[in-house]
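Listing of run08.cif, mmCIF, C-alpha atoms and all ligand atoms
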```
data_start
loop_
_atom_site.label_atom_id
_atom_site.label_comp_id
_atom_site.auth_asym_id
_atom_site.auth_seq_id
_atom_site.Cartn_x
_atom_site.Cartn_y
_atom_site.Cartn_z
CA MET A 1 8.12 24.39 -36.26
CA ASN A 2 4.51 23.30 -35.91
CA ILE A 3 2.88 24.80 -32.75
CA GLY A 4 1.63 21.35 -31.67
CA ILE A 5 5.16 19.93 -31.68
CA LEU A 6 6.48 22.98 -29.83
CA VAL A 7 3.84 22.55 -27.09
CA ASP A 8 4.68 18.83 -26.83
CA ILE A 9 8.42 19.50 -26.50
CA LEU A 10 7.80 22.23 -23.90
CA MET A 11 5.59 19.84 -21.93
CA TYR A 12 8.31 17.20 -21.78
CA ILE A 13 10.94 19.80 -20.78
CA VAL A 14 8.71 21.20 -18.02
CA MET A 15 7.87 17.70 -16.76
CA VAL A 16 11.55 16.76 -16.45
CA LEU A 17 12.39 20.11 -14.80
CA GLN A 18 9.53 19.51 -12.38
CA MET A 19 10.92 16.12 -11.47
CA LEU A 20 14.24 17.82 -10.66
CA TYR A 21 12.53 20.07 -8.11
CA VAL A 22 15.38 19.55 -5.67
CA PHE A 23 17.55 21.73 -7.89
CA ILE A 24 15.08 24.40 -8.97
CA GLY A 25 13.49 25.15 -5.57
CA ASN A 26 9.87 25.34 -4.47
CA ILE A 27 8.64 28.63 -5.98
CA PRO A 28 9.89 27.91 -9.55
CA HIS A 29 8.46 24.37 -9.11
CA GLU A 30 5.00 25.76 -8.31
CA ILE A 31 5.13 28.33 -11.15
CA LEU A 32 6.27 25.68 -13.63
CA GLY A 33 3.44 23.47 -12.37
CA ILE A 34 0.92 26.11 -13.43
CA ALA A 35 2.76 26.54 -16.75
CA PHE A 36 2.53 22.79 -17.28
CA PHE A 37 -1.23 22.74 -16.85
CA CYS A 38 -1.59 25.69 -19.27
CA LEU A 39 0.48 23.71 -21.79
CA LEU A 40 -1.70 20.65 -21.17
CA VAL A 41 -4.84 22.68 -21.91
CA ALA A 42 -3.16 24.05 -25.08
CA HIS A 43 -2.20 20.49 -26.05
CA ILE A 44 -5.79 19.29 -25.61
CA ILE A 45 -7.15 22.25 -27.65
CA ILE A 46 -4.65 21.64 -30.45
CA LYS A 47 -5.41 17.90 -30.46
CA ARG A 48 -9.16 18.38 -29.91
CA LYS A 49 -10.10 16.25 -32.92
CA TRP A 50 -8.18 13.32 -31.46
CA VAL A 51 -9.62 13.92 -28.01
CA LYS A 52 -13.17 13.89 -29.44
CA ALA A 53 -12.37 10.71 -31.39
CA ILE A 54 -11.48 8.90 -28.15
CA PHE A 55 -15.05 9.16 -26.96
CA LYS A 56 -16.66 8.31 -30.34
CA ARG A 57 -18.11 4.84 -30.65
CA SER A 58 -16.41 2.78 -33.29
CA VAL A 59 -16.75 -0.91 -33.97
CA ASN A 60 -13.70 -1.14 -36.19
CA ARG A 61 -11.17 0.27 -33.80
CA SER A 62 -7.80 -1.52 -33.95
CA LYS A 63 -6.16 -2.90 -30.80
CA LEU A 64 -3.48 -0.24 -31.11
CA ALA A 65 -6.06 2.57 -31.30
CA THR A 66 -7.92 1.14 -28.28
CA PHE A 67 -4.66 0.94 -26.31
CA ASN A 68 -3.79 4.52 -27.26
CA ASN A 69 -7.25 5.74 -26.26
CA CYS A 70 -7.09 4.02 -22.88
CA LEU A 71 -3.64 5.53 -22.39
CA MET A 72 -4.90 9.03 -23.17
CA ILE A 73 -7.89 8.68 -20.84
CA LEU A 74 -5.55 7.47 -18.07
CA ILE A 75 -3.18 10.39 -18.72
CA LEU A 76 -6.05 12.86 -18.53
CA ILE A 77 -7.31 11.38 -15.24
CA ILE A 78 -3.81 11.35 -13.72
CA ALA A 79 -3.17 14.92 -14.91
CA LEU A 80 -6.40 16.06 -13.25
CA VAL A 81 -5.66 14.33 -9.94
CA LEU A 82 -2.08 15.64 -10.17
CA ALA A 83 -3.41 19.20 -10.56
CA LEU A 84 -5.50 18.71 -7.41
CA SER A 85 -2.59 17.19 -5.52
CA SER A 86 -0.37 20.10 -6.64
CA MET A 87 -2.72 22.47 -4.87
CA GLY A 88 -2.84 20.06 -1.95
CA VAL A 89 0.92 20.28 -1.40
CA SER A 90 1.40 23.89 -2.48
CA ARG A 91 3.15 26.07 0.08
CA THR A 92 3.41 29.34 -1.83
CA ILE A 93 0.79 29.81 -4.55
CA PHE A 94 -2.15 27.96 -2.97
CA PRO A 95 -1.17 27.87 0.73
CA TRP A 96 -4.82 27.90 1.88
CA PHE A 97 -5.40 24.72 -0.13
CA ASN A 98 -2.61 22.80 1.54
CA PHE A 99 -4.73 19.69 2.33
CA LEU A 100 -2.24 16.90 1.64
CA PRO A 101 -0.11 15.96 4.68
CA SER A 102 2.60 14.35 2.57
CA PRO A 103 3.79 14.97 -0.99
CA ALA A 104 4.30 11.23 -1.57
CA LEU A 105 1.05 10.87 -3.58
CA HIS A 106 1.94 13.95 -5.64
CA LYS A 107 5.32 12.44 -6.48
CA TYR A 108 3.89 9.08 -7.52
CA LEU A 109 1.31 10.81 -9.71
CA ALA A 110 4.00 12.98 -11.34
CA THR A 111 6.16 9.93 -12.03
CA SER A 112 3.18 8.07 -13.50
CA LEU A 113 2.29 11.04 -15.69
CA LEU A 114 5.84 11.36 -17.03
CA THR A 115 6.06 7.61 -17.70
CA LEU A 116 2.68 7.41 -19.45
CA SER A 117 3.42 10.58 -21.43
CA VAL A 118 6.66 9.03 -22.65
CA ILE A 119 4.68 5.98 -23.82
CA HIS A 120 2.04 8.28 -25.36
CA GLY A 121 4.75 10.22 -27.27
CA GLY A 122 6.41 6.94 -28.21
CA MET A 123 3.21 5.74 -29.90
CA LYS A 124 3.85 8.32 -32.63
CA LEU A 125 7.29 6.87 -33.18
CA TYR A 126 5.79 3.36 -33.22
CA ARG A 127 3.20 4.25 -35.84
CA LYS A 128 5.76 5.87 -38.14
CA SER A 129 8.57 3.39 -37.72
CA VAL A 130 9.24 0.54 -40.09
CA ASN A 131 11.03 -1.53 -37.46
CA LYS A 132 8.23 -1.92 -34.85
CA LYS A 133 10.33 -4.12 -32.56
CA LYS A 134 13.04 -1.47 -32.31
CA ALA A 135 10.39 1.20 -31.61
CA VAL A 136 8.93 -0.89 -28.77
CA ILE A 137 12.39 -1.38 -27.25
CA ILE A 138 13.05 2.39 -27.37
CA ILE A 139 9.67 3.16 -25.78
CA VAL A 140 10.20 0.60 -23.00
CA ILE A 141 13.71 1.95 -22.26
CA LEU A 142 12.44 5.55 -22.10
CA ALA A 143 9.51 4.56 -19.88
CA ILE A 144 11.86 2.70 -17.50
CA LEU A 145 14.14 5.75 -17.42
CA ALA A 146 11.17 7.96 -16.49
CA LEU A 147 10.23 5.55 -13.68
CA VAL A 148 13.81 5.36 -12.41
CA LEU A 149 14.08 9.17 -12.48
CA GLY A 150 10.93 9.64 -10.40
CA LEU A 151 11.17 6.71 -8.02
CA ALA A 152 14.89 6.31 -7.45
CA ALA A 153 17.15 9.00 -8.94
CA VAL A 154 15.35 12.08 -7.60
CA PRO A 155 14.89 10.70 -4.05
CA TYR A 156 18.56 9.63 -4.09
CA ILE A 157 19.76 13.07 -5.21
CA ASN A 158 17.48 14.64 -2.63
CA ARG A 159 18.89 12.60 0.23
CA HIS A 160 22.55 12.69 -0.69
CA PHE A 161 23.27 16.03 -2.26
CA ARG A 162 20.90 18.59 -0.90
CA THR A 163 21.55 20.99 1.94
CA VAL A 164 18.52 23.09 2.80
CA GLU A 165 19.28 26.65 3.91
CA ILE A 166 16.74 28.37 6.12
CA ASN A 167 16.38 31.54 8.15
CA TYR A 168 16.03 30.53 11.83
CA ASP A 169 14.14 33.63 12.81
CA GLU A 170 11.54 33.29 10.03
CA ASN A 171 11.07 29.53 10.21
CA VAL A 172 11.42 28.77 13.91
CA ASN A 173 10.82 31.82 16.04
CA GLY A 174 7.34 33.17 16.71
CA GLU A 175 4.82 33.89 19.41
CA LYS A 176 4.68 31.56 22.41
CA THR A 177 1.00 30.57 22.44
CA ILE A 178 0.96 27.55 24.72
CA SER A 179 2.22 27.08 28.24
CA ASN A 180 2.86 23.73 29.89
CA ASP A 181 5.58 23.32 32.54
CA LYS A 182 5.21 19.56 32.55
CA LEU A 183 5.97 19.12 28.87
CA LEU A 184 9.28 17.73 27.66
CA THR A 185 10.35 17.23 24.05
CA VAL A 186 12.86 14.45 23.49
CA TYR A 187 14.32 14.15 20.01
CA PHE A 188 16.73 11.95 18.15
CA THR A 189 18.57 13.24 15.14
CA ARG A 190 21.38 11.89 13.03
CA LEU A 191 23.27 15.17 13.20
CA GLY A 192 24.44 15.20 16.81
CA ASN A 193 25.12 11.49 16.70
CA THR A 194 27.29 11.33 13.63
CA ASP A 195 31.02 11.39 13.23
CA PHE A 196 31.21 14.25 10.78
CA GLU A 197 34.54 15.33 9.44
CA GLU A 198 35.48 18.97 9.76
CA ASP A 199 34.43 19.68 6.21
CA VAL A 200 30.88 18.61 6.88
CA ASP A 201 29.57 20.17 3.67
CA ALA A 202 31.40 17.50 1.73
CA VAL A 203 29.16 14.85 3.25
CA SER A 204 25.94 16.78 3.61
CA GLY A 205 22.64 15.08 2.84
CA ALA A 206 18.90 15.74 2.95
CA SER A 207 18.68 15.03 6.63
CA LEU A 208 20.94 18.04 7.09
CA LEU A 209 19.78 21.57 6.96
CA LYS A 210 21.38 24.86 7.76
CA ALA A 211 19.62 27.42 9.88
CA ASP A 212 21.48 30.73 9.52
CA GLY A 213 24.47 28.75 8.31
CA VAL A 214 24.47 26.42 11.35
CA LEU A 215 23.89 22.72 10.67
CA MET A 216 20.80 21.23 12.34
CA GLY A 217 18.98 17.92 12.20
CA ASN A 218 15.39 17.78 10.97
CA THR A 219 14.00 16.59 14.28
CA GLU A 220 16.18 19.11 16.10
CA LEU A 221 14.59 21.93 14.12
CA MET A 222 11.13 20.60 15.00
CA ALA A 223 12.12 20.45 18.68
CA HIS A 224 13.22 24.09 18.49
CA MET A 225 9.84 24.99 16.97
CA LEU A 226 8.01 23.18 19.78
CA ASN A 227 10.12 25.12 22.28
CA SER A 228 9.32 28.40 20.55
CA ILE A 229 5.57 27.60 20.57
CA SER A 230 5.33 26.34 24.14
CA GLY A 231 8.57 27.07 25.96
CA CYS A 232 8.83 23.32 26.65
CA ASP A 233 12.19 21.87 27.63
CA ILE A 234 13.93 20.04 24.81
CA VAL A 235 16.56 17.37 25.11
CA PRO A 236 18.39 15.31 22.48
CA ILE A 237 19.01 11.57 22.69
CA THR A 238 22.80 11.45 22.57
CA LEU A 239 24.95 8.40 22.00
CA THR A 240 27.76 7.85 24.50
CA GLY A 241 29.53 5.20 22.47
CA GLU A 242 30.35 4.93 18.80
CA LYS A 243 28.62 7.44 16.56
CA TYR A 244 27.04 6.84 13.17
CA PRO A 245 29.24 7.14 10.07
CA SER A 246 29.32 10.47 8.26
CA SER A 247 28.14 8.90 5.00
CA TYR A 248 24.36 8.72 4.71
CA THR A 249 24.54 5.41 2.85
CA ASP A 250 26.81 3.85 5.50
CA THR A 251 24.42 5.05 8.23
CA VAL A 252 21.57 3.32 6.45
CA VAL A 253 23.58 0.07 6.48
CA VAL A 254 24.58 0.41 10.17
CA ALA A 255 20.97 1.25 11.13
CA SER A 256 19.69 -1.82 9.29
CA LYS A 257 22.17 -4.04 11.16
CA GLU A 258 21.18 -2.50 14.52
CA ILE A 259 17.49 -3.07 13.82
CA LYS A 260 18.07 -6.70 12.78
CA GLU A 261 20.08 -7.30 15.95
CA ASN A 262 17.56 -5.35 18.07
CA ALA A 263 20.57 -3.43 19.41
CA ARG A 264 20.40 -0.94 22.28
CA PRO A 265 23.17 1.64 21.68
CA GLU A 266 24.16 3.37 24.92
CA ILE A 267 22.89 6.89 25.42
CA GLU A 268 23.19 9.71 27.95
CA ASP A 269 20.59 9.53 30.74
CA ILE A 270 17.51 11.70 30.33
CA ASP A 271 15.57 12.67 33.46
CA ILE A 272 11.86 12.58 32.66
CA SER A 273 10.66 12.59 36.28
CA GLY A 274 9.38 16.18 36.36
CA TYR A 275 7.16 15.83 33.29
CA ASP A 276 3.80 14.23 32.63
CA THR A 277 3.78 14.73 28.86
CA ILE A 278 6.57 13.88 26.47
CA ILE A 279 6.72 14.68 22.80
CA LEU A 280 9.03 12.20 21.14
CA VAL A 281 10.45 13.46 17.83
CA TYR A 282 12.28 10.88 15.74
CA PRO A 283 13.14 10.06 12.13
CA LEU A 284 11.80 6.89 10.59
CA TRP A 285 14.69 4.47 10.12
CA TRP A 286 13.80 1.45 8.06
CA GLY A 287 10.16 2.02 8.91
CA THR A 288 10.77 1.91 12.66
CA ILE A 289 12.43 4.00 15.39
CA PRO A 290 16.22 4.38 15.45
CA MET A 291 17.58 1.96 18.04
CA PRO A 292 18.91 4.74 20.36
CA VAL A 293 15.26 5.80 20.72
CA ALA A 294 14.47 2.22 21.79
CA THR A 295 17.22 2.55 24.43
CA PHE A 296 15.63 5.77 25.74
CA LEU A 297 12.19 4.14 25.93
CA GLU A 298 13.45 1.02 27.70
CA ASN A 299 15.62 2.96 30.15
CA ASN A 300 12.75 4.99 31.59
CA ASP A 301 9.52 4.39 33.47
CA PHE A 302 6.63 6.19 31.79
CA THR A 303 3.91 5.19 34.24
CA GLY A 304 1.19 7.85 34.23
CA LYS A 305 2.82 9.75 31.37
CA THR A 306 1.62 10.41 27.85
CA ILE A 307 4.00 10.18 24.90
CA TYR A 308 2.97 12.03 21.74
CA LEU A 309 4.73 10.85 18.62
CA LEU A 310 6.13 13.20 16.00
CA ALA A 311 7.80 11.32 13.17
CA THR A 312 9.79 12.69 10.24
CA GLN A 313 10.35 10.64 7.14
CA GLY A 314 11.28 10.53 3.47
CA SER A 315 8.12 8.84 2.25
CA ALA A 316 5.00 8.82 4.41
CA GLY A 317 3.40 7.69 7.63
CA PHE A 318 4.61 6.24 10.90
CA GLY A 319 5.80 2.82 9.72
CA SER A 320 5.51 0.48 12.70
CA THR A 321 6.65 3.14 15.20
CA VAL A 322 3.36 3.58 17.07
CA GLU A 323 3.26 -0.11 17.99
CA ASP A 324 7.03 -0.24 18.53
CA VAL A 325 7.00 2.68 20.98
CA ALA A 326 3.92 1.31 22.79
CA ALA A 327 5.68 -2.04 23.24
CA LEU A 328 8.83 -0.45 24.70
CA ALA A 329 7.58 2.46 26.81
CA LYS A 330 6.50 0.88 30.10
CA GLY A 331 3.29 2.37 31.47
CA ALA A 332 2.95 5.08 28.82
CA ASN A 333 -0.15 6.22 27.06
CA VAL A 334 1.23 6.43 23.51
CA VAL A 335 -0.58 8.80 21.14
CA LYS A 336 0.03 9.12 17.42
CA GLY A 337 0.75 12.76 16.54
CA LEU A 338 2.03 13.98 13.19
CA SER A 339 4.28 12.48 10.57
CA ILE A 340 6.14 15.20 8.69
CA TYR A 341 7.78 14.72 5.32
CA CYS A 342 11.46 15.77 5.62
CA ASP A 343 11.25 18.47 2.91
CA ASP A 344 8.35 20.13 4.74
CA ILE A 345 10.08 20.49 8.10
CA PRO A 346 11.30 24.09 7.67
CA TYR A 347 7.69 25.21 7.05
CA VAL A 348 5.93 23.16 9.68
CA ARG A 349 5.77 25.61 12.62
CA ASP A 350 2.11 26.63 12.05
CA GLN A 351 1.04 23.01 11.70
CA LEU A 352 2.85 22.12 14.93
CA GLU A 353 1.19 25.03 16.70
CA GLU A 354 -2.28 23.92 15.57
CA TRP A 355 -1.50 20.39 16.62
CA MET A 356 -0.22 21.45 20.06
CA LYS A 357 -3.36 23.53 20.61
CA SER A 358 -5.48 20.48 19.78
CA LEU A 359 -3.79 18.54 22.60
CA ARG A 360 -5.06 20.82 25.37
C1 LIG B 401 19.37 5.19 8.49
C2 LIG B 401 18.21 5.86 7.86
C3 LIG B 401 17.07 5.14 7.55
C4 LIG B 401 15.95 5.76 7.01
N1 LIG B 401 14.83 5.02 6.77
C5 LIG B 401 13.72 5.65 6.32
C6 LIG B 401 12.51 4.90 6.12
O1 LIG B 401 12.44 3.71 6.34
N2 LIG B 401 11.43 5.56 5.66
C7 LIG B 401 11.46 6.91 5.41
O2 LIG B 401 10.44 7.46 5.00
N3 LIG B 401 12.59 7.65 5.62
C8 LIG B 401 13.71 7.05 6.06
N4 LIG B 401 14.83 7.79 6.28
C9 LIG B 401 14.80 9.26 6.08
C10 LIG B 401 14.68 10.00 7.42
O3 LIG B 401 13.59 9.52 8.19
C11 LIG B 401 14.46 11.50 7.20
O4 LIG B 401 15.46 12.00 6.34
C12 LIG B 401 14.44 12.28 8.50
O5 LIG B 401 13.82 13.52 8.28
C13 LIG B 401 15.83 12.49 9.08
O6 LIG B 401 15.75 13.27 10.28
P1 LIG B 401 17.07 13.81 11.04
O7 LIG B 401 17.72 14.84 10.17
O8 LIG B 401 16.56 14.50 12.27
O9 LIG B 401 17.96 12.67 11.37
C14 LIG B 401 15.97 7.17 6.77
C15 LIG B 401 17.13 7.89 7.07
C16 LIG B 401 18.25 7.25 7.60
C17 LIG B 401 19.49 8.05 7.92
#
```

Mind turning the file's structure into structure tokens?
Ligand SMILES: Cc1cc2nc3c(=O)[nH]c(=O)nc-3n(C[C@H](O)[C@H](O)[C@H](O)COP(=O)(O)O)c2cc1C
Amino acid sequence: MNIGILVDILMYIVMVLQMLYVFIGNIPHEILGIAFFCLLVAHIIIKRKWVKAIFKRSVNRSKLATFNNCLMILILIIALVLALSSMGVSRTIFPWFNFLPSPALHKYLATSLLTLSVIHGGMKLYRKSVNKKKAVIIIVILAILALVLGLAAVPYINRHFRTVEINYDENVNGEKTISNDKLLTVYFTRLGNTDFEEDVDAVSGASLLKADGVLMGNTELMAHMLNSISGCDIVPITLTGEKYPSSYTDTVVVASKEIKENARPEIEDIDISGYDTIILVYPLWWGTIPMPVATFLENNDFTGKTIYLLATQGSAGFGSTVEDVAALAKGANVVKGLSIYCDDIPYVRDQLEEWMKSLR
């Protein structure tokens, strides 16, 4: 087999494996990322004549050649930015480079690169094929599949089928570096508020993780980290009435209904009187706070208190939560804190510590 074709095939295999990072784990993902960029350099060296031709001036260039050239330039730019973003989200190989707060951009770039590379590879098929219409249909189908894989299938698999296993001692415990008796962390997590069956593994999803084999919610783990860093009291928001369904998808539907109805599910009382600072840790639900968090905010008087917001999410940002909390928490000074991507939560202790130090 020609070395050029071998490199091309390897590149496609690595790209698809990279997209399935939820199955291969972080360290292989980072190593394969480096392998991919070595293959890309090899690909450019092998195709150097073509690459040079892109930048040559030519008056007689066909529309197809111009399209292909633009495509290749775009692929090169995206690959470069993707390489930078890979270092930006790296936790193991380039941890000192970790400058991107959320991997969302990295994911969109990777999906774009795969999609454009499929079109780029398809151009060969188009040129050689007799039936051009059929070739275009095949290319469009493959490009749509690449988009669906990156934008829908992988996030779906991630949320529904992945249980993250961590070591509590390594990920949560550490030196207590901050002291504040008047600090309370209040968190809401799906885990303690869900009607799980006994065989909880059968319904596990991305918002579930296991610390030393014990199931925990994402926000719960963050609350434990805050406690380990500062010794602050932590308290969950707990429903007193009906719990959320065990199925992730059903919970999404119920949450949507609650938000539309501006519902206030009943919760256990939380006494905030002895604290002047509250860290509120919550997951983004439909871009806003879960409605039990709204109940907590409306049930209490926050006059003279500061609420720091710590959001967790499956995409990026705070959604409308900063405004939503400010509108509900009477008398509070609401301050935007950090928004942590759900996959990053097990590794976020150092970032939380830095952030807590910056509050003093
Ligand atoms: C009902 C529901 C709605 C969600 N809506 C969003 C959303 O709008 N945007 C987002 O980025 N993540 C969304 N997510 C993902 C969660 O914010 C994320 O998985 C979070 O880390 C879960 O935290 P927990 O395990 O403490 O409940 C949603 C999750 C659920 C269950």

Open item on the list: Counting all atoms listed in the file, what are the residues, protein, DNA or RNA alike, that approach ligand LIG 401 (chain B) to within 7 Å? I want them as a ChimeraX atom specification.
Closed with: /A:188-191,206-208,217-220,248,251-253,255,282-288,312-316,341-342

Task: Minimum-distance residue to Ile24 (chain A), chosen among A:Asn158, A:Thr238, A:Asn69, A:Ser246 (using only C-alpha atoms) - done: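 Among the listed residues, A:Asn158 lies closest to Ile24 (chain A).
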
- [ ] Just give me the gap between CA of Glu353 (chain A) and CA of Pro95 (chain A) in Å, one decimal is fine.
- [x]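 Calculated distance between CA of Glu353 (chain A) and CA of Pro95 (chain A) is 16.4 Å.
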
TODO: Write out as a count of residues only the residues lying within 12 Å of Gln351 (chain A), counting all atoms listed in the file and excluding same-chain residues fewer than 2 positions away.
DONE: 24

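The closest residue to Met216 (chain A), picked from A:Leu297, A:Ser228, A:Thr163, A:Ser62 and counting only C-alpha atoms, is A:Thr163.
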
Task: Closest of A:Val334, A:Val22, A:Ala327, A:Leu76 to Tyr156 (chain A) - atom-to-atom distances counting all atoms listed in the file - done: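 The shortest atom-to-atom distance to Tyr156 (chain A) comes from A:Val22.
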
Might you pull out every residue within 7 Å of Glu268 (chain A), with only C-alpha atoms counted and same-chain residues fewer than 5 positions away left off, and present them as an mmCIF file with C-alpha atoms, keeping the file's coordinate frame?
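Output below, filename out_6.cif:
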```cif
data_model
loop_
_atom_site.group_PDB
_atom_site.id
_atom_site.type_symbol
_atom_site.label_atom_id
_atom_site.label_comp_id
_atom_site.auth_asym_id
_atom_site.auth_seq_id
_atom_site.Cartn_x
_atom_site.Cartn_y
_atom_site.Cartn_z
ATOM 1 C CA ILE A 237 19.010 11.570 22.690
ATOM 2 C CA THR A 238 22.800 11.450 22.570
ATOM 3 C CA LEU A 239 24.950 8.400 22.000
ATOM 4 C CA THR A 240 27.760 7.850 24.500
#
```

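The space between CA of Tyr21 (chain A) and CA of Gly174 (chain A) spans 28.5 Å.
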
Open item on the list: Which residues are near Pro245 (chain A)? Cut-off 8 Å, all atoms listed in the file, ignore same chain within fewer than 6 positions. Put them as a list in words.
Closed with: Thr194, Asp195, Phe196 and Thr251 of chain A

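Around Asp324 (chain A), within 12 Å and counting all atoms listed in the file, the residues found are A:Ile259, A:Asn262, A:Leu284, A:Gly287, A:Thr288, A:Ile289, A:Pro290, A:Met291, A:Val293, A:Ala294, A:Leu297, A:Glu298, A:Leu309, A:Phe318, A:Lys330, A:Val334, A:Lys336, once anything fewer than 6 positions away on its own chain is removed.
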
TODO: Name the closest residue to Tyr108 (chain A) among the candidates A:Ala223, A:Leu147, A:Ala311, A:Ile75; distances are taken between atoms, counting only C-alpha atoms.
DONE: A:Leu147

Task: Selection near region 2-4 of chain A, 7 Å with all atoms listed in the file, sequence-local residues under 4 positions removed, as a PyMOL selection string - done: chain A and resi 8+43+46

What would the file look like if the residues just selected were written as a JSON list (two decimals), in the frame of the given file with C-alpha atoms?
```
[["chain", "number", "residue", "atom", "x", "y", "z"],
["A", 8, "ASP", "CA", 4.68, 18.83, -26.83],
["A", 43, "HIS", "CA", -2.20, 20.49, -26.05],
["A", 46, "ILE", "CA", -4.65, 21.64, -30.45]]
```

TODO: Could you jot down the CA of Asn173 (chain A) to CA of His224 (chain A) separation for me, Å, one decimal place?
DONE: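 Answer for the CA of Asn173 (chain A) to CA of His224 (chain A) separation: 8.5 Å.
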
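Counting only C-alpha atoms and comparing A:Val186, A:Ala152, A:Val164, A:Ile138, the residue that lies closest to Gly122 (chain A) is A:Ile138.
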
TODO: Determine the nearest neighbour of Ser90 (chain A) from the options A:Leu149, A:Ile27, A:Cys70, A:Val136, counting only C-alpha atoms.
DONE: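 Nearest to Ser90 (chain A): A:Ile27.
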